[in-house]
>>> print(open('upload_22.pdb').read())   # PDB, C-alpha atoms
ATOM      1  CA  GLU I   1     -34.381   6.919 -21.429  1.00  0.00           C
ATOM      2  CA  ASP I   2     -36.229   8.970 -24.024  1.00  0.00           C
ATOM      3  CA  LYS I   3     -33.961  11.236 -26.036  1.00  0.00           C
ATOM      4  CA  VAL I   4     -33.729  13.351 -29.154  1.00  0.00           C
ATOM      5  CA  VAL I   5     -30.329  14.058 -30.689  1.00  0.00           C
ATOM      6  CA  GLN I   6     -29.623  16.680 -33.293  1.00  0.00           C
ATOM      7  CA  SER I   7     -26.596  17.109 -35.500  1.00  0.00           C
ATOM      8  CA  PRO I   8     -24.604  19.047 -36.276  1.00  0.00           C
ATOM      9  CA  LEU I   9     -24.712  21.316 -33.231  1.00  0.00           C
ATOM     10  CA  SER I  10     -23.570  24.244 -35.324  1.00  0.00           C
ATOM     11  CA  LEU I  11     -23.331  24.989 -39.022  1.00  0.00           C
ATOM     12  CA  VAL I  12     -21.863  27.958 -40.871  1.00  0.00           C
ATOM     13  CA  VAL I  13     -22.643  28.364 -44.564  1.00  0.00           C
ATOM     14  CA  HIS I  14     -22.772  31.005 -47.270  1.00  0.00           C
ATOM     15  CA  GLU I  15     -25.907  32.273 -48.904  1.00  0.00           C
ATOM     16  CA  GLY I  16     -27.069  29.951 -51.645  1.00  0.00           C
ATOM     17  CA  ASP I  17     -25.753  26.798 -49.998  1.00  0.00           C
ATOM     18  CA  THR I  18     -28.013  23.852 -49.245  1.00  0.00           C
ATOM     19  CA  VAL I  19     -27.996  22.455 -45.719  1.00  0.00           C
ATOM     20  CA  THR I  20     -29.292  19.272 -44.125  1.00  0.00           C
ATOM     21  CA  LEU I  21     -30.072  19.124 -40.437  1.00  0.00           C
ATOM     22  CA  ASN I  22     -30.416  15.783 -38.713  1.00  0.00           C
ATOM     23  CA  CYS I  23     -32.609  14.602 -35.877  1.00  0.00           C
ATOM     24  CA  SER I  24     -32.668  11.119 -34.384  1.00  0.00           C
ATOM     25  CA  TYR I  25     -34.969   9.988 -31.620  1.00  0.00           C
ATOM     26  CA  GLU I  26     -35.541   7.185 -29.167  1.00  0.00           C
ATOM     27  CA  VAL I  27     -38.923   7.765 -27.606  1.00  0.00           C
ATOM     28  CA  THR I  28     -41.521   5.410 -26.235  1.00  0.00           C
ATOM     29  CA  ASN I  29     -45.072   5.848 -27.510  1.00  0.00           C
ATOM     30  CA  PHE I  30     -43.813   8.072 -30.317  1.00  0.00           C
ATOM     31  CA  ARG I  31     -46.501   9.981 -32.183  1.00  0.00           C
ATOM     32  CA  SER I  32     -44.911  12.650 -34.367  1.00  0.00           C
ATOM     33  CA  LEU I  33     -41.733  14.594 -35.025  1.00  0.00           C
ATOM     34  CA  LEU I  34     -41.868  18.373 -35.038  1.00  0.00           C
ATOM     35  CA  TRP I  35     -39.432  20.983 -36.306  1.00  0.00           C
ATOM     36  CA  TYR I  36     -39.220  24.507 -34.936  1.00  0.00           C
ATOM     37  CA  LYS I  37     -37.204  27.576 -35.883  1.00  0.00           C
ATOM     38  CA  GLN I  38     -36.009  29.770 -33.066  1.00  0.00           C
ATOM     39  CA  GLU I  39     -34.619  33.205 -33.760  1.00  0.00           C
ATOM     40  CA  LYS I  40     -34.358  35.696 -30.939  1.00  0.00           C
ATOM     41  CA  LYS I  41     -37.580  34.846 -29.258  1.00  0.00           C
ATOM     42  CA  ALA I  42     -39.884  31.868 -28.988  1.00  0.00           C
ATOM     43  CA  PRO I  43     -39.704  28.811 -31.226  1.00  0.00           C
ATOM     44  CA  THR I  44     -42.028  28.966 -34.207  1.00  0.00           C
ATOM     45  CA  PHE I  45     -43.517  25.880 -35.763  1.00  0.00           C
ATOM     46  CA  LEU I  46     -42.229  24.613 -39.102  1.00  0.00           C
ATOM     47  CA  PHE I  47     -43.388  21.046 -39.706  1.00  0.00           C
ATOM     48  CA  MET I  48     -45.057  18.107 -38.076  1.00  0.00           C
ATOM     49  CA  LEU I  49     -44.262  14.664 -39.479  1.00  0.00           C
ATOM     50  CA  THR I  50     -46.281  11.623 -38.539  1.00  0.00           C
ATOM     51  CA  SER I  51     -45.914   9.221 -41.442  1.00  0.00           C
ATOM     52  CA  SER I  52     -42.695   7.776 -42.844  1.00  0.00           C
ATOM     53  CA  GLY I  53     -41.474   8.781 -46.263  1.00  0.00           C
ATOM     54  CA  ILE I  54     -43.877  11.645 -46.882  1.00  0.00           C
ATOM     55  CA  GLU I  55     -41.997  14.848 -47.530  1.00  0.00           C
ATOM     56  CA  LYS I  56     -43.394  18.085 -46.230  1.00  0.00           C
ATOM     57  CA  LYS I  57     -42.390  21.286 -47.996  1.00  0.00           C
ATOM     58  CA  SER I  58     -42.705  24.960 -47.295  1.00  0.00           C
ATOM     59  CA  GLY I  59     -40.866  27.149 -49.761  1.00  0.00           C
ATOM     60  CA  ARG I  60     -37.169  26.334 -49.553  1.00  0.00           C
ATOM     61  CA  LEU I  61     -37.625  24.124 -46.496  1.00  0.00           C
ATOM     62  CA  SER I  62     -38.511  20.471 -46.614  1.00  0.00           C
ATOM     63  CA  SER I  63     -38.511  17.638 -44.138  1.00  0.00           C
ATOM     64  CA  ILE I  64     -39.028  13.907 -44.064  1.00  0.00           C
ATOM     65  CA  LEU I  65     -39.380  11.242 -41.389  1.00  0.00           C
ATOM     66  CA  ASP I  66     -38.049   7.680 -41.311  1.00  0.00           C
ATOM     67  CA  LYS I  67     -39.860   5.792 -38.562  1.00  0.00           C
ATOM     68  CA  LYS I  68     -37.937   2.595 -39.190  1.00  0.00           C
ATOM     69  CA  GLU I  69     -34.540   4.203 -38.654  1.00  0.00           C
ATOM     70  CA  LEU I  70     -35.933   6.726 -36.144  1.00  0.00           C
ATOM     71  CA  PHE I  71     -34.692   9.920 -37.711  1.00  0.00           C
ATOM     72  CA  SER I  72     -35.770  12.994 -39.586  1.00  0.00           C
ATOM     73  CA  ILE I  73     -33.974  15.515 -41.739  1.00  0.00           C
ATOM     74  CA  LEU I  74     -34.689  19.147 -42.437  1.00  0.00           C
ATOM     75  CA  ASN I  75     -33.369  20.501 -45.724  1.00  0.00           C
ATOM     76  CA  ILE I  76     -32.973  24.150 -46.565  1.00  0.00           C
ATOM     77  CA  THR I  77     -32.066  24.977 -50.152  1.00  0.00           C
ATOM     78  CA  ALA I  78     -30.637  28.260 -51.444  1.00  0.00           C
ATOM     79  CA  THR I  79     -30.069  29.498 -47.911  1.00  0.00           C
ATOM     80  CA  GLN I  80     -30.521  33.162 -47.049  1.00  0.00           C
ATOM     81  CA  THR I  81     -29.242  35.229 -44.128  1.00  0.00           C
ATOM     82  CA  GLY I  82     -32.779  35.209 -42.770  1.00  0.00           C
ATOM     83  CA  ASP I  83     -32.481  31.455 -42.289  1.00  0.00           C
ATOM     84  CA  SER I  84     -29.939  32.058 -39.530  1.00  0.00           C
ATOM     85  CA  ALA I  85     -31.499  30.611 -36.386  1.00  0.00           C
ATOM     86  CA  ILE I  86     -31.531  27.648 -34.059  1.00  0.00           C
ATOM     87  CA  TYR I  87     -33.506  24.758 -35.491  1.00  0.00           C
ATOM     88  CA  LEU I  88     -35.114  22.518 -32.929  1.00  0.00           C
ATOM     89  CA  CYS I  89     -36.642  19.141 -33.446  1.00  0.00           C
ATOM     90  CA  ALA I  90     -38.959  17.585 -30.927  1.00  0.00           C
ATOM     91  CA  ALA I  91     -40.593  14.202 -30.549  1.00  0.00           C
ATOM     92  CA  LEU I  92     -44.242  14.181 -29.587  1.00  0.00           C
ATOM     93  CA  TYR I  93     -45.074  11.242 -27.362  1.00  0.00           C
ATOM     94  CA  ASN I  94     -47.755   9.987 -25.009  1.00  0.00           C
ATOM     95  CA  THR I  95     -50.454  12.609 -24.775  1.00  0.00           C
ATOM     96  CA  ASP I  96     -49.067  15.800 -26.256  1.00  0.00           C
ATOM     97  CA  LYS I  97     -45.705  15.794 -24.484  1.00  0.00           C
ATOM     98  CA  LEU I  98     -42.696  17.057 -26.381  1.00  0.00           C
ATOM     99  CA  ILE I  99     -39.056  16.184 -25.849  1.00  0.00           C
ATOM    100  CA  PHE I 100     -36.615  18.486 -27.591  1.00  0.00           C
ATOM    101  CA  GLY I 101     -33.172  18.050 -29.013  1.00  0.00           C
ATOM    102  CA  THR I 102     -30.476  20.589 -28.153  1.00  0.00           C
ATOM    103  CA  GLY I 103     -30.892  22.296 -31.505  1.00  0.00           C
ATOM    104  CA  THR I 104     -28.688  23.088 -34.492  1.00  0.00           C
ATOM    105  CA  ARG I 105     -27.401  26.637 -34.736  1.00  0.00           C
ATOM    106  CA  LEU I 106     -27.316  27.696 -38.380  1.00  0.00           C
ATOM    107  CA  GLN I 107     -25.447  30.804 -39.426  1.00  0.00           C
ATOM    108  CA  VAL I 108     -25.758  31.974 -43.020  1.00  0.00           C
ATOM    109  CA  PHE I 109     -23.304  34.606 -44.198  1.00  0.00           C
ATOM    110  CA  PRO I 110     -23.663  36.751 -47.309  1.00  0.00           C
TER
ATOM    111  CA  ASP N   1     -55.930  37.436 -32.231  1.00  0.00           C
ATOM    112  CA  ALA N   2     -55.518  34.641 -29.742  1.00  0.00           C
ATOM    113  CA  GLU N   3     -52.129  34.577 -28.117  1.00  0.00           C
ATOM    114  CA  ILE N   4     -49.975  33.317 -25.290  1.00  0.00           C
ATOM    115  CA  THR N   5     -48.221  35.842 -23.075  1.00  0.00           C
ATOM    116  CA  GLN N   6     -45.623  35.503 -20.372  1.00  0.00           C
ATOM    117  CA  SER N   7     -44.742  37.959 -17.660  1.00  0.00           C
ATOM    118  CA  PRO N   8     -42.419  39.320 -16.618  1.00  0.00           C
ATOM    119  CA  ARG N   9     -40.107  39.181 -19.632  1.00  0.00           C
ATOM    120  CA  HIS N  10     -37.068  39.670 -17.440  1.00  0.00           C
ATOM    121  CA  LYS N  11     -36.634  39.044 -13.725  1.00  0.00           C
ATOM    122  CA  ILE N  12     -33.694  39.244 -11.355  1.00  0.00           C
ATOM    123  CA  THR N  13     -34.188  37.720  -7.938  1.00  0.00           C
ATOM    124  CA  GLU N  14     -32.128  36.672  -4.960  1.00  0.00           C
ATOM    125  CA  THR N  15     -31.357  33.149  -3.874  1.00  0.00           C
ATOM    126  CA  GLY N  16     -34.012  31.778  -1.563  1.00  0.00           C
ATOM    127  CA  ARG N  17     -36.832  34.044  -2.716  1.00  0.00           C
ATOM    128  CA  GLN N  18     -40.102  32.684  -4.040  1.00  0.00           C
ATOM    129  CA  VAL N  19     -40.737  33.701  -7.633  1.00  0.00           C
ATOM    130  CA  THR N  20     -43.815  33.242  -9.803  1.00  0.00           C
ATOM    131  CA  LEU N  21     -43.754  33.443 -13.575  1.00  0.00           C
ATOM    132  CA  ALA N  22     -47.083  34.042 -15.275  1.00  0.00           C
ATOM    133  CA  CYS N  23     -48.391  32.408 -18.433  1.00  0.00           C
ATOM    134  CA  HIS N  24     -51.720  33.363 -19.981  1.00  0.00           C
ATOM    135  CA  GLN N  25     -53.240  32.020 -23.199  1.00  0.00           C
ATOM    136  CA  THR N  26     -56.404  33.078 -24.945  1.00  0.00           C
ATOM    137  CA  TRP N  27     -56.810  30.074 -27.277  1.00  0.00           C
ATOM    138  CA  ASN N  28     -58.782  28.088 -24.724  1.00  0.00           C
ATOM    139  CA  HIS N  29     -56.250  25.258 -25.097  1.00  0.00           C
ATOM    140  CA  ASN N  30     -56.480  22.472 -22.565  1.00  0.00           C
ATOM    141  CA  ASN N  31     -52.785  21.597 -22.689  1.00  0.00           C
ATOM    142  CA  MET N  32     -50.189  23.926 -21.212  1.00  0.00           C
ATOM    143  CA  PHE N  33     -46.481  23.390 -20.619  1.00  0.00           C
ATOM    144  CA  TRP N  34     -43.510  25.028 -18.979  1.00  0.00           C
ATOM    145  CA  TYR N  35     -40.003  24.530 -20.363  1.00  0.00           C
ATOM    146  CA  ARG N  36     -36.624  25.883 -19.463  1.00  0.00           C
ATOM    147  CA  GLN N  37     -33.967  26.451 -22.066  1.00  0.00           C
ATOM    148  CA  ASP N  38     -30.281  26.234 -21.234  1.00  0.00           C
ATOM    149  CA  LEU N  39     -27.185  26.036 -23.409  1.00  0.00           C
ATOM    150  CA  GLY N  40     -26.338  22.455 -24.177  1.00  0.00           C
ATOM    151  CA  HIS N  41     -29.693  21.130 -23.033  1.00  0.00           C
ATOM    152  CA  GLY N  42     -32.247  22.544 -25.404  1.00  0.00           C
ATOM    153  CA  LEU N  43     -35.777  22.855 -24.091  1.00  0.00           C
ATOM    154  CA  ARG N  44     -36.597  20.702 -21.075  1.00  0.00           C
ATOM    155  CA  LEU N  45     -40.057  20.086 -19.707  1.00  0.00           C
ATOM    156  CA  ILE N  46     -40.684  21.305 -16.159  1.00  0.00           C
ATOM    157  CA  HIS N  47     -44.418  20.810 -15.591  1.00  0.00           C
ATOM    158  CA  TYR N  48     -47.470  20.373 -17.731  1.00  0.00           C
ATOM    159  CA  SER N  49     -51.222  20.394 -17.439  1.00  0.00           C
ATOM    160  CA  TYR N  50     -53.968  18.804 -19.520  1.00  0.00           C
ATOM    161  CA  GLY N  51     -56.771  20.809 -18.014  1.00  0.00           C
ATOM    162  CA  VAL N  52     -58.126  22.650 -15.005  1.00  0.00           C
ATOM    163  CA  HIS N  53     -56.877  21.197 -11.720  1.00  0.00           C
ATOM    164  CA  ASP N  54     -54.575  18.798 -13.585  1.00  0.00           C
ATOM    165  CA  THR N  55     -50.802  19.161 -13.129  1.00  0.00           C
ATOM    166  CA  ASN N  56     -47.960  16.775 -13.907  1.00  0.00           C
ATOM    167  CA  LYS N  57     -44.212  16.729 -13.363  1.00  0.00           C
ATOM    168  CA  GLY N  58     -41.836  16.872 -16.280  1.00  0.00           C
ATOM    169  CA  GLU N  59     -38.196  15.848 -16.430  1.00  0.00           C
ATOM    170  CA  VAL N  60     -36.808  18.782 -14.414  1.00  0.00           C
ATOM    171  CA  SER N  61     -39.581  19.534 -11.924  1.00  0.00           C
ATOM    172  CA  ASP N  62     -37.569  19.707  -8.672  1.00  0.00           C
ATOM    173  CA  GLY N  63     -37.859  23.151  -7.100  1.00  0.00           C
ATOM    174  CA  TYR N  64     -40.832  24.168  -9.248  1.00  0.00           C
ATOM    175  CA  SER N  65     -44.592  23.982  -8.858  1.00  0.00           C
ATOM    176  CA  VAL N  66     -47.606  24.902 -10.957  1.00  0.00           C
ATOM    177  CA  SER N  67     -51.318  25.257 -10.405  1.00  0.00           C
ATOM    178  CA  ARG N  68     -54.174  25.301 -12.908  1.00  0.00           C
ATOM    179  CA  SER N  69     -57.261  27.009 -11.525  1.00  0.00           C
ATOM    180  CA  ASN N  70     -58.620  28.012 -14.936  1.00  0.00           C
ATOM    181  CA  THR N  71     -58.047  27.192 -18.602  1.00  0.00           C
ATOM    182  CA  GLU N  72     -56.164  30.381 -19.434  1.00  0.00           C
ATOM    183  CA  ASP N  73     -53.391  30.450 -16.828  1.00  0.00           C
ATOM    184  CA  LEU N  74     -50.554  28.209 -15.698  1.00  0.00           C
ATOM    185  CA  PRO N  75     -48.289  30.111 -13.291  1.00  0.00           C
ATOM    186  CA  LEU N  76     -44.890  28.599 -12.521  1.00  0.00           C
ATOM    187  CA  THR N  77     -43.567  29.061  -8.980  1.00  0.00           C
ATOM    188  CA  LEU N  78     -40.008  28.649  -7.842  1.00  0.00           C
ATOM    189  CA  GLU N  79     -40.414  27.887  -4.158  1.00  0.00           C
ATOM    190  CA  SER N  80     -36.911  28.965  -3.134  1.00  0.00           C
ATOM    191  CA  ALA N  81     -34.923  30.269  -6.074  1.00  0.00           C
ATOM    192  CA  ALA N  82     -31.465  28.818  -6.647  1.00  0.00           C
ATOM    193  CA  SER N  83     -28.680  29.953  -8.956  1.00  0.00           C
ATOM    194  CA  SER N  84     -29.135  26.735 -10.932  1.00  0.00           C
ATOM    195  CA  GLN N  85     -32.572  28.014 -11.903  1.00  0.00           C
ATOM    196  CA  THR N  86     -31.120  30.912 -13.856  1.00  0.00           C
ATOM    197  CA  SER N  87     -32.506  30.209 -17.292  1.00  0.00           C
ATOM    198  CA  VAL N  88     -34.939  31.252 -19.978  1.00  0.00           C
ATOM    199  CA  TYR N  89     -38.417  29.903 -19.321  1.00  0.00           C
ATOM    200  CA  PHE N  90     -40.960  29.231 -22.045  1.00  0.00           C
ATOM    201  CA  CYS N  91     -44.618  28.557 -21.616  1.00  0.00           C
ATOM    202  CA  ALA N  92     -46.504  26.743 -24.363  1.00  0.00           C
ATOM    203  CA  SER N  93     -50.063  25.655 -25.047  1.00  0.00           C
ATOM    204  CA  SER N  94     -51.533  23.163 -27.463  1.00  0.00           C
ATOM    205  CA  VAL N  95     -54.890  21.729 -28.375  1.00  0.00           C
ATOM    206  CA  ASP N  96     -53.678  18.613 -30.141  1.00  0.00           C
ATOM    207  CA  THR N  97     -50.178  18.467 -31.504  1.00  0.00           C
ATOM    208  CA  GLU N  98     -48.723  21.826 -32.515  1.00  0.00           C
ATOM    209  CA  ALA N  99     -47.498  23.795 -29.519  1.00  0.00           C
ATOM    210  CA  PHE N 100     -47.538  27.582 -29.468  1.00  0.00           C
ATOM    211  CA  PHE N 101     -44.898  29.271 -27.380  1.00  0.00           C
ATOM    212  CA  GLY N 102     -44.821  32.432 -25.357  1.00  0.00           C
ATOM    213  CA  GLN N 103     -41.981  34.896 -25.831  1.00  0.00           C
ATOM    214  CA  GLY N 104     -40.036  33.636 -22.845  1.00  0.00           C
ATOM    215  CA  THR N 105     -39.007  34.940 -19.429  1.00  0.00           C
ATOM    216  CA  ARG N 106     -35.329  35.408 -18.698  1.00  0.00           C
ATOM    217  CA  LEU N 107     -34.804  34.705 -15.001  1.00  0.00           C
ATOM    218  CA  THR N 108     -31.552  35.467 -13.229  1.00  0.00           C
ATOM    219  CA  VAL N 109     -31.021  34.256  -9.678  1.00  0.00           C
ATOM    220  CA  VAL N 110     -28.208  36.069  -7.880  1.00  0.00           C
TER
END
>>> encode(input="upload_22.pdb", output="structure tokens")
Amino acid sequence: EDKVVQSPLSLVVHEGDTVTLNCSYEVTNFRSLLWYKQEKKAPTFLFMLTSSGIEKKSGRLSSILDKKELFSILNITATQTGDSAIYLCAALYNTDKLIFGTGTRLQVFP
Amino acid sequence: DAEITQSPRHKITETGRQVTLACHQTWNHNNMFWYRQDLGHGLRLIHYSYGVHDTNKGEVSDGYSVSRSNTEDLPLTLESAASSQTSVYFCASSVDTEAFFGQGTRLTVV
């Protein structure tokens, strides 16, 4: 059965901390791993990772994929209260189908 | 700007009623998807379409149907609403890999 598992389910940190969110997957015909940030409304796209070992960065966020061990991590450095959200990872498989993990709820306090 | 819109944003209906949730995108994307989001389950795929007159079942399709008569719209119909279908529903479209999400419809079945 195809599945995506995220950990931890919930994380509470203080501003300035660095966090690492984990995503493991078992998906047939895997193509890419995507990360989304969901605040109050719809998920918004962060990264798409297709190749192993190539880090993608956007400001304080970075992510990397390990296709041998079937996992990805999302790092957020110097966290801010605006980073508080649910972070979703999803595996893209077959022809443009996505299977999502349950998400990690990140709360950043001042 | 191109966008994807869902309507209504909120809906309360009674058990047994037929309900249709609308999804309209102006990107001219071939691929469209419906997901439901529930606590503890993340986003789960209900139905998807790769083009006009094409529809496919996702992992939680029982009790739902879709039709694709044009590129822009993928309405989701609940044939006979059940309390278990109380959820937040997201529509998404994609042209290749990155999926763009609508703002969601919160459906309550009483």
>>> residues_around(input="upload_22.pdb", residues="Thr28 of chain I", least_positions_apart="2", cutoff="7 Å", atoms="all atoms listed in the file", output="JSON, numbers by chain")
{"I": [2, 26, 30, 93]}
>>> axis_aligned_box(input="upload_22.pdb", around="segment 45-52 of chain N", padding_each_side="5 Å", output="AutoDock Vina command-line options")
--center_x -49.1 --center_y 20.7 --center_z -17.4 --size_x 28.1 --size_y 13.8 --size_z 14.7
>>> resolve_selection(input="upload_22.pdb", expression="the ChimeraX specification (/N :<8) & /I", output="tab-separated table (two decimals) with C-alpha atoms, keeping the file's coordinate frame")
chain	number	residue	atom	x	y	z
I	41	LYS	CA	-37.58	34.85	-29.26
I	42	ALA	CA	-39.88	31.87	-28.99
I	43	PRO	CA	-39.70	28.81	-31.23
I	44	THR	CA	-42.03	28.97	-34.21
I	45	PHE	CA	-43.52	25.88	-35.76
I	48	MET	CA	-45.06	18.11	-38.08
I	92	LEU	CA	-44.24	14.18	-29.59
I	96	ASP	CA	-49.07	15.80	-26.26
I	98	LEU	CA	-42.70	17.06	-26.38
I	99	ILE	CA	-39.06	16.18	-25.85
I	100	PHE	CA	-36.62	18.49	-27.59
I	101	GLY	CA	-33.17	18.05	-29.01
I	102	THR	CA	-30.48	20.59	-28.15
I	103	GLY	CA	-30.89	22.30	-31.50
>>> closest_residue(input="upload_22.pdb", among="I:Ser10, I:Thr50, I:Asn29, I:Asn22", to="Cys89 of chain I", atoms="all atoms listed in the file")
I:Asn22
>>> resolve_selection(input="upload_22.pdb", expression="the PyMOL selection byres ((chain I and resi 77) around 9)", output="VMD selection string")
chain I and resid 16 to 20 60 to 62 75 to 76 78 to 80
>>> resolve_selection(input="upload_22.pdb", expression="the PyMOL selection byres ((chain I and resi 54-56) around 12)", output="ChimeraX atom specification")
/I:33-35,46-53,57-67,72-75
>>> residues_around(input="upload_22.pdb", residues="Val108 of chain I", least_positions_apart="3", cutoff="9 Å", atoms="all atoms listed in the file", output="number ranges by chain")
I: 11-17, 79-85
>>> closest_residue(input="upload_22.pdb", among="I:Phe71, I:Leu21, I:Thr104, I:Ala91", to="Lys3 of chain I", atoms="only C-alpha atoms")
I:Ala91
>>> residues_around(input="upload_22.pdb", residues="Asn56 of chain N", least_positions_apart="5", cutoff="10 Å", atoms="all atoms listed in the file", output="number ranges by chain")
N: 33, 46-50, 61, 65-67
>>> atom_distance(input="upload_22.pdb", atom1="atom CA of Cys23 of chain N", atom2="atom CA of Glu3 of chain N")
10.6 Å
>>> atom_distance(input="upload_22.pdb", atom1="atom CA of Ile86 of chain I", atom2="atom CA of Leu106 of chain I")
6.0 Å
>>> build_atoms(input="upload_22.pdb", residues="segment 49-66 of chain N", atoms="N, CA and C atoms", output="short mmCIF file (atom, residue, chain, number, x, y, z; two decimals), in the frame of the given file")
data_model
loop_
_atom_site.label_atom_id
_atom_site.label_comp_id
_atom_site.auth_asym_id
_atom_site.auth_seq_id
_atom_site.Cartn_x
_atom_site.Cartn_y
_atom_site.Cartn_z
N SER N 49 -49.85 20.54 -17.90
CA SER N 49 -51.22 20.39 -17.44
C SER N 49 -52.11 20.09 -18.63
N TYR N 50 -53.04 19.15 -18.44
CA TYR N 50 -53.97 18.80 -19.52
C TYR N 50 -55.35 19.40 -19.30
N GLY N 51 -55.49 20.17 -18.25
CA GLY N 51 -56.77 20.81 -18.01
C GLY N 51 -56.83 21.37 -16.61
N VAL N 52 -57.94 22.01 -16.31
CA VAL N 52 -58.13 22.65 -15.00
C VAL N 52 -57.94 21.62 -13.89
N HIS N 53 -57.19 22.01 -12.91
CA HIS N 53 -56.88 21.20 -11.72
C HIS N 53 -55.99 19.99 -12.02
N ASP N 54 -55.50 19.88 -13.24
CA ASP N 54 -54.58 18.80 -13.58
C ASP N 54 -53.16 19.35 -13.71
N THR N 55 -52.20 18.78 -12.99
CA THR N 55 -50.80 19.16 -13.13
C THR N 55 -49.95 17.90 -13.07
N ASN N 56 -48.84 17.93 -13.82
CA ASN N 56 -47.96 16.77 -13.91
C ASN N 56 -46.52 17.23 -13.93
N LYS N 57 -45.63 16.40 -13.37
CA LYS N 57 -44.21 16.73 -13.36
C LYS N 57 -43.55 16.33 -14.67
N GLY N 58 -42.65 17.19 -15.13
CA GLY N 58 -41.84 16.87 -16.28
C GLY N 58 -40.49 16.35 -15.83
N GLU N 59 -39.50 16.44 -16.72
CA GLU N 59 -38.20 15.85 -16.43
C GLU N 59 -37.34 16.66 -15.48
N VAL N 60 -37.63 17.96 -15.29
CA VAL N 60 -36.81 18.78 -14.41
C VAL N 60 -37.70 19.57 -13.46
N SER N 61 -38.55 18.88 -12.73
CA SER N 61 -39.58 19.53 -11.92
C SER N 61 -39.12 19.93 -10.52
N ASP N 62 -38.00 19.41 -10.05
CA ASP N 62 -37.57 19.71 -8.67
C ASP N 62 -37.37 21.20 -8.47
N GLY N 63 -38.00 21.74 -7.41
CA GLY N 63 -37.86 23.15 -7.10
C GLY N 63 -38.90 24.04 -7.76
N TYR N 64 -39.79 23.43 -8.54
CA TYR N 64 -40.83 24.17 -9.25
C TYR N 64 -42.21 23.59 -8.91
N SER N 65 -43.22 24.45 -8.98
CA SER N 65 -44.59 23.98 -8.86
C SER N 65 -45.48 24.80 -9.78
N VAL N 66 -46.62 24.21 -10.14
CA VAL N 66 -47.61 24.90 -10.96
C VAL N 66 -48.98 24.63 -10.38
#
